[in-house]
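Peer 1: Have a look at this one before I ask anything.
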Number of protein chains: 2
Amino acid sequence: MTVPILNRRDLDFMLHEWLDIGALFSRPDYADHSRETIDAMLDLATRIATDKYLPHFKHSDRTEPTLDEDGVHVLPAVRDAVRATAEAGLFSAGFPAAQGGMDLPATAFWASMGILQAANVSTSGFMMLTSGNARLIATFGTEAQIAAFAAPQIAGEWCGTMCLSEPQAGSSLADIVTRAEPDGEDEFGPRYRLRGNKMWISGGDHDATPNIVHLVLAKVPGPDGRPVPGTRGISLFIVPKFLPDNRGRNDVVVAGLNHKMGFRGIPNCLLNLGEGRFTPDGRAGAVGYRVGEIGQGLPIMFQMMNEARIGVGLGAAMLAYRGYRLARQYATERTQGRTAATKSRVDTPPVPIIAHADVKRMLLAQKAYAEGALALVLYAGRLVDESRSAPDGADRHNAEALLGLLTPVVKTWPSEYGLAANDLAIQVHGGYGYTRDFDVEQLYRDNRLNPIHEGTTGIQGIDLLGRKILRERAATLAHFRGVIETTAAEAESFAEISAFAAPLRDAWARIDAVIAHFLALNDDAAALAQATPFLSAFGHAVVAWIWLDQAKAAAQASSDAPEPDQPFYAGKIRACRYFFEAELPKVTTWLAFVAQLSDVASAMPIDQF
Amino acid sequence: MTVPILNRRDLDFMLHEWLDIGALFSRPDYADHSRETIDAMLDLATRIATDKYLPHFKHSDRTEPTLDEDGVHVLPAVRDAVRATAEAGLFSAGFPAAQGGMDLPATAFWASMGILQAANVSTSGFMMLTSGNARLIATFGTEAQIAAFAAPQIAGEWCGTMCLSEPQAGSSLADIVTRAEPDGEDEFGPRYRLRGNKMWISGGDHDATPNIVHLVLAKVPGPDGRPVPGTRGISLFIVPKFLPDNRGRNDVVVAGLNHKMGFRGIPNCLLNLGEGRFTPDGRAGAVGYRVGEIGQGLPIMFQMMNEARIGVGLGAAMLAYRGYRLARQYATERTQGRTAATKSRVDTPPVPIIAHADVKRMLLAQKAYAEGALALVLYAGRLVDESRSAPDGADRHNAEALLGLLTPVVKTWPSEYGLAANDLAIQVHGGYGYTRDFDVEQLYRDNRLNPIHEGTTGIQGIDLLGRKILRERAATLAHFRGVIETTAAEAESFAEISAFAAPLRDAWARIDAVIAHFLALNDDAAALAQATPFLSAFGHAVVAWIWLDQAKAAAQASSDAPEPDQPFYAGKIRACRYFFEAELPKVTTWLAFVAQLSDVASAMPIDQF
């Protein structure tokens, strides 16, 4: 039996009953929208995902993009999917009407993108990167740059990339060596010639769209003719594959494709800029137009990077979600063994495996991980909408700050626990789940990328603890603690969940204590050595809050909901209970380790490994 | 730089300084052995692993076995590896001299097999299965069966398989439907004709050796002509691919190959028995010779199954071990970023990533998992040797009972935490680790099978808690508790590790309390619903003991060891400290959940998922 890509009932619950996106429709930014327009958009995304993304899920894993002298070729099915997405208006939906978009709230835009990701995360990458690229140009570019480079992406006619890493500088952007030499100016702004190599470029070349817009970090030589050291030497450039005004092919070529464990449907490239294969405007060097000021490349790029981080979290959540739904279906169809009640009755037929306690445990854990992860990402989407449209400026500011605080969690938690969910999805399938005949092994391989790209888990931990908490002395966290306390207080009104208010408060009080300790300590190196386990604890405590807040909405809604809706709400409350019984206690364990400030690893000499 | 397959210094420490296998050499069973013979065997295994197993590690992943009308074909390199292993005497080494073997202690035999597994776990599967198959026949077969079917396997001329699962009966052997009809008797014993399908048969067909010996579970019709229901209806049969005395091809054919996420170098087959493609002795039906009595198939098969479970644990440990060594090497060579001390000095060169605290943490965790897992499996090998050769009958009995208690842990803990180690090995490599250009992604894919085959983690949990603890009212556990207490008491004499005695005792006291609660409760269904988290807790507490016992040996040895040896011992003690600081506290968290006897999952109605 075909399993629907996701549980739409659940998505509707999250968007409307929990996050109340209906409240946005009365605001000027989103005045054209209503429950009906949102439903229509999600229906459309589901149709495209089902008809255009899902059918080549396995095929594009088995048949990777190819590279020849004309560049990279993707499967026709991938090209069709990108075109269908553009024609449906999904590329543009999240942009303001003034930019050719539909003013769709970010929460709903991400929900629609998530539907595509659930069906085929590789193919959805084209849209995700294009959206972030176009939004960056629309925010920081000149009018001419927006018209020439953002508009075709918003329309879905071209795709975009982000070119940050280099072979010798993966996570450490301070060490990039791609150079940008001044080359005059034209209608698109200050013009440069770029030379260097960019690594891990998803969609770095392909024939899905006729042009590609690269956003490239590079260094402009300083007064001494040498690149300025560190990140403050970085500037940002638009480097199109084909130059506007029919000036032909730019000097950007694919030097090689990376062959990955998963995520195989979207080409991942090593790009050479300025090696002289092409001679735009008559000479070698990749033509790039600067966006923003010299030296402002990294702060500007962070807009796209943050959007990509949230997109990674969303993709990870959707892989988990799809794996959960597949495992759930399999467990109702596959029969095996007997329950404790019938195990001595060998003459009775085997039971569906969902009857076994341990299979139920594995499914409930997946539900808690997958639905918790998706809810977390959609909450981030709601913060984006709030930061754009809240009537009160302080609310807009708070939403933006909270989004910044939570971004490392929104990126990491779904990546780590989405993978754990996919691991359980395989386990529920037994030996079959380990074969390529079933989808769950591919979901697992695809999801393994997510703790790495757009900043590894280790880097997210340092971002959270260092930049987002200690550097601002926990100011935004103080606001967030108020939000958490509101949920705890409200949960106390509902008998089914009132018991969870105290453990949630306790977990957060322990986090407060660790942070106070770190602030008093004033030794960043010692504190940041604990950043990853701290992120584990913080992330779990955030998701416990997300679950309690969802359970509160479910408890509220169930009181006057019709009978057929009751199992859905009861399932939400049960997943919350599972999280509080089996998962939240881990926070205490991690924090106890973090609080020790142990140097067991950090002081280990190399010759002891 | 090429990384040695494993750290031989560490293996020697485990075998000699920790497990004191030298004590075995004075016993009659192992009197032909000495440190020199063991060293020579490990050197030999290392040479074969390096020359014959490692070179086709990636190749046999990319080029899976093929099936045509002649059967399954493996790569020439795989065939060469199997032949070289046989010629070196590694197949036979672990068997008694009377059976054509070398009387090698099990501890050393497994160490040598582990070296092959570290190099190429798929190809090592031929030897592992053959060893277990031959040992079963040697134990339970008649002289004629041993001469005809075990001897060629011990010599490494033929390979063996185990045929238990069927497509409709994976883990539930009670439900197998392969039938065995009596067909007279000949020199090899009672003869039967088998008809049915066997699933997940590793090495089920291939051209690596000229013949294959299948051990097949099937049901003999009862007095009413129908198979006896349940596991007591199961008997065991030797079903060779080619019949002895030049009677030609048996009626066993490959119906299909399973295409897996990893473990791709060894064919995994669906076998059809008795479909009539071949007509041995003139008619259809697979000829099988019964081993043991009718209805005794499962108890007999458990010998091979237990050996295979330990072999799976060993393979998982070695995959972790190799991943750790590769990640360690990569971290010393790859430069990236700066440390806390130099981060503002962007003009300084990037540091090797092993300088970063979080990379050290990931390496130390891998060391704790990989070396802990290998030590655990070798300890099991030591118990085998003790159960065979201890002068005192009570010691032999205790060793055998303790091996039975620990087998589910020896199978599961390395499988779960070996995979976690490989996950960290990828993470240390960053994006490169996710590509197929590096070995770690394949180690991870290979290792993902280990929590599934030879009994899933869920089944091991039920075996541990139900069969091995509750059913015998924790009798063997009481003996094991004494062993643990001895380690704790001895550890108190060493300043570096004395602090760990109390937390080890505390963890085990908590396990005792949970078990006492379960025994008093007398509700197996409720207790067994907690079997998997119980196994998590129990396994971690076992490995904490393994680490403390290793650290004790290291502390002891370091006191009069030369200076160059000190970092090795200090590394052992540090890994122990890491396990006690970061891992052991998880036991408390799991046990608290287990003790709740929560029905949050087990009572969840299907419509709430």
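Letters A, B, ... mark the chains of the structure tokens in the order given; residue numbers begin at 1 per chain; ligand numbers begin at 1, in order shown.
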Quick one: which residues from chain A are at most 6 Å off chain B, using only C-alpha atoms, as a list in words?
Peer 2: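 That gives the following set of residues: Ser172, Pro229, Gly230, His259, Lys260, Met261, Gly337, Ala340, Val346, Ala357, Lys360, Arg361, Tyr434, Thr435, Arg436, Ala525, Ala529, Pro567, Phe568, Gly571, Ala601, Ser602, Asp607 and Gln608 of chain A.
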Peer 1: Okay, now the selection with C-alpha atoms, as a PDB file, in the first residue's frame?
Peer 2:
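Result file is part.pdb:
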ATOM      1  CA  SER A 172      37.159  27.731   8.456  1.00  0.00           C
ATOM      2  CA  PRO A 229      43.605  37.812   6.639  1.00  0.00           C
ATOM      3  CA  GLY A 230      40.631  36.423   8.540  1.00  0.00           C
ATOM      4  CA  HIS A 259      30.378  10.901  -4.840  1.00  0.00           C
ATOM      5  CA  LYS A 260      28.480  10.736  -1.612  1.00  0.00           C
ATOM      6  CA  MET A 261      26.900   8.079   0.594  1.00  0.00           C
ATOM      7  CA  GLY A 337       5.812 -13.956  16.064  1.00  0.00           C
ATOM      8  CA  ALA A 340       3.306 -12.227  25.413  1.00  0.00           C
ATOM      9  CA  VAL A 346       2.031 -21.652  18.406  1.00  0.00           C
ATOM     10  CA  ALA A 357       5.894  -3.789  22.739  1.00  0.00           C
ATOM     11  CA  LYS A 360       5.651   0.136  19.488  1.00  0.00           C
ATOM     12  CA  ARG A 361       8.510   1.664  21.447  1.00  0.00           C
ATOM     13  CA  TYR A 434      18.736  -2.917   5.267  1.00  0.00           C
ATOM     14  CA  THR A 435      18.061  -3.720   1.601  1.00  0.00           C
ATOM     15  CA  ARG A 436      17.824  -1.215  -1.193  1.00  0.00           C
ATOM     16  CA  ALA A 525      38.013  27.900  26.010  1.00  0.00           C
ATOM     17  CA  ALA A 529      35.165  22.508  25.042  1.00  0.00           C
ATOM     18  CA  PRO A 567      -7.003   9.392  18.770  1.00  0.00           C
ATOM     19  CA  PHE A 568      -4.997  12.062  16.963  1.00  0.00           C
ATOM     20  CA  GLY A 571      -1.365  10.416  20.178  1.00  0.00           C
ATOM     21  CA  ALA A 601      39.308  14.836  26.150  1.00  0.00           C
ATOM     22  CA  SER A 602      40.597  18.375  25.736  1.00  0.00           C
ATOM     23  CA  ASP A 607      50.223  10.055  21.835  1.00  0.00           C
ATOM     24  CA  GLN A 608      47.551   8.718  24.187  1.00  0.00           C
TER      25      GLN A 608
END
Peer 1: I need the residues in region 361-579 of chain A that are helix (DSSP H, G or I) according to DSSP; give them as a ChimeraX atom specification.
Peer 2: /A:361-389,393-434,440-447,457-470,475-491,498-521,524-528,531-558,563-579
Peer 1: When you count only C-alpha atoms, which of these residues is closest to Gly311 (chain A): A:Ala286, A:Leu129, A:Leu548, A:Val253?
Peer 2: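 Comparing A:Ala286, A:Leu129, A:Leu548, A:Val253 against Gly311 (chain A), the winner is A:Leu129.
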Peer 1: With distances taken over only C-alpha atoms, which of A:Pro105, A:Arg83, A:Asp68, A:Met305 is nearest to Met162 (chain A)?
Peer 2: A:Met305
Peer 1: Do a neighbour search on Asn133 (chain A) at 9 Å with only C-alpha atoms, toss out local chain neighbours closer than 4 positions, and write the hits as a PyMOL selection string.
Peer 2: chain A and resi 128-129+137-138+150+153+159-162+213-215+304
Peer 1: Please measure the separation of CA of Gly156 (chain B) and CA of Asp385 (chain B), giving the value in Å to one decimal.
Peer 2: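 Going from CA of Gly156 (chain B) over to CA of Asp385 (chain B), I get 22.6 Å.
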Peer 1: Do a neighbour search on Tyr289 (chain A) at 10 Å with only C-alpha atoms, toss out local chain neighbours closer than 6 positions, and write the hits as JSON, numbers by chain.
Peer 2: {"A": [141, 145, 180, 182, 183, 185, 186, 187, 188, 189, 190, 191, 192, 193, 194, 215, 216, 236, 237, 238, 239, 240]}
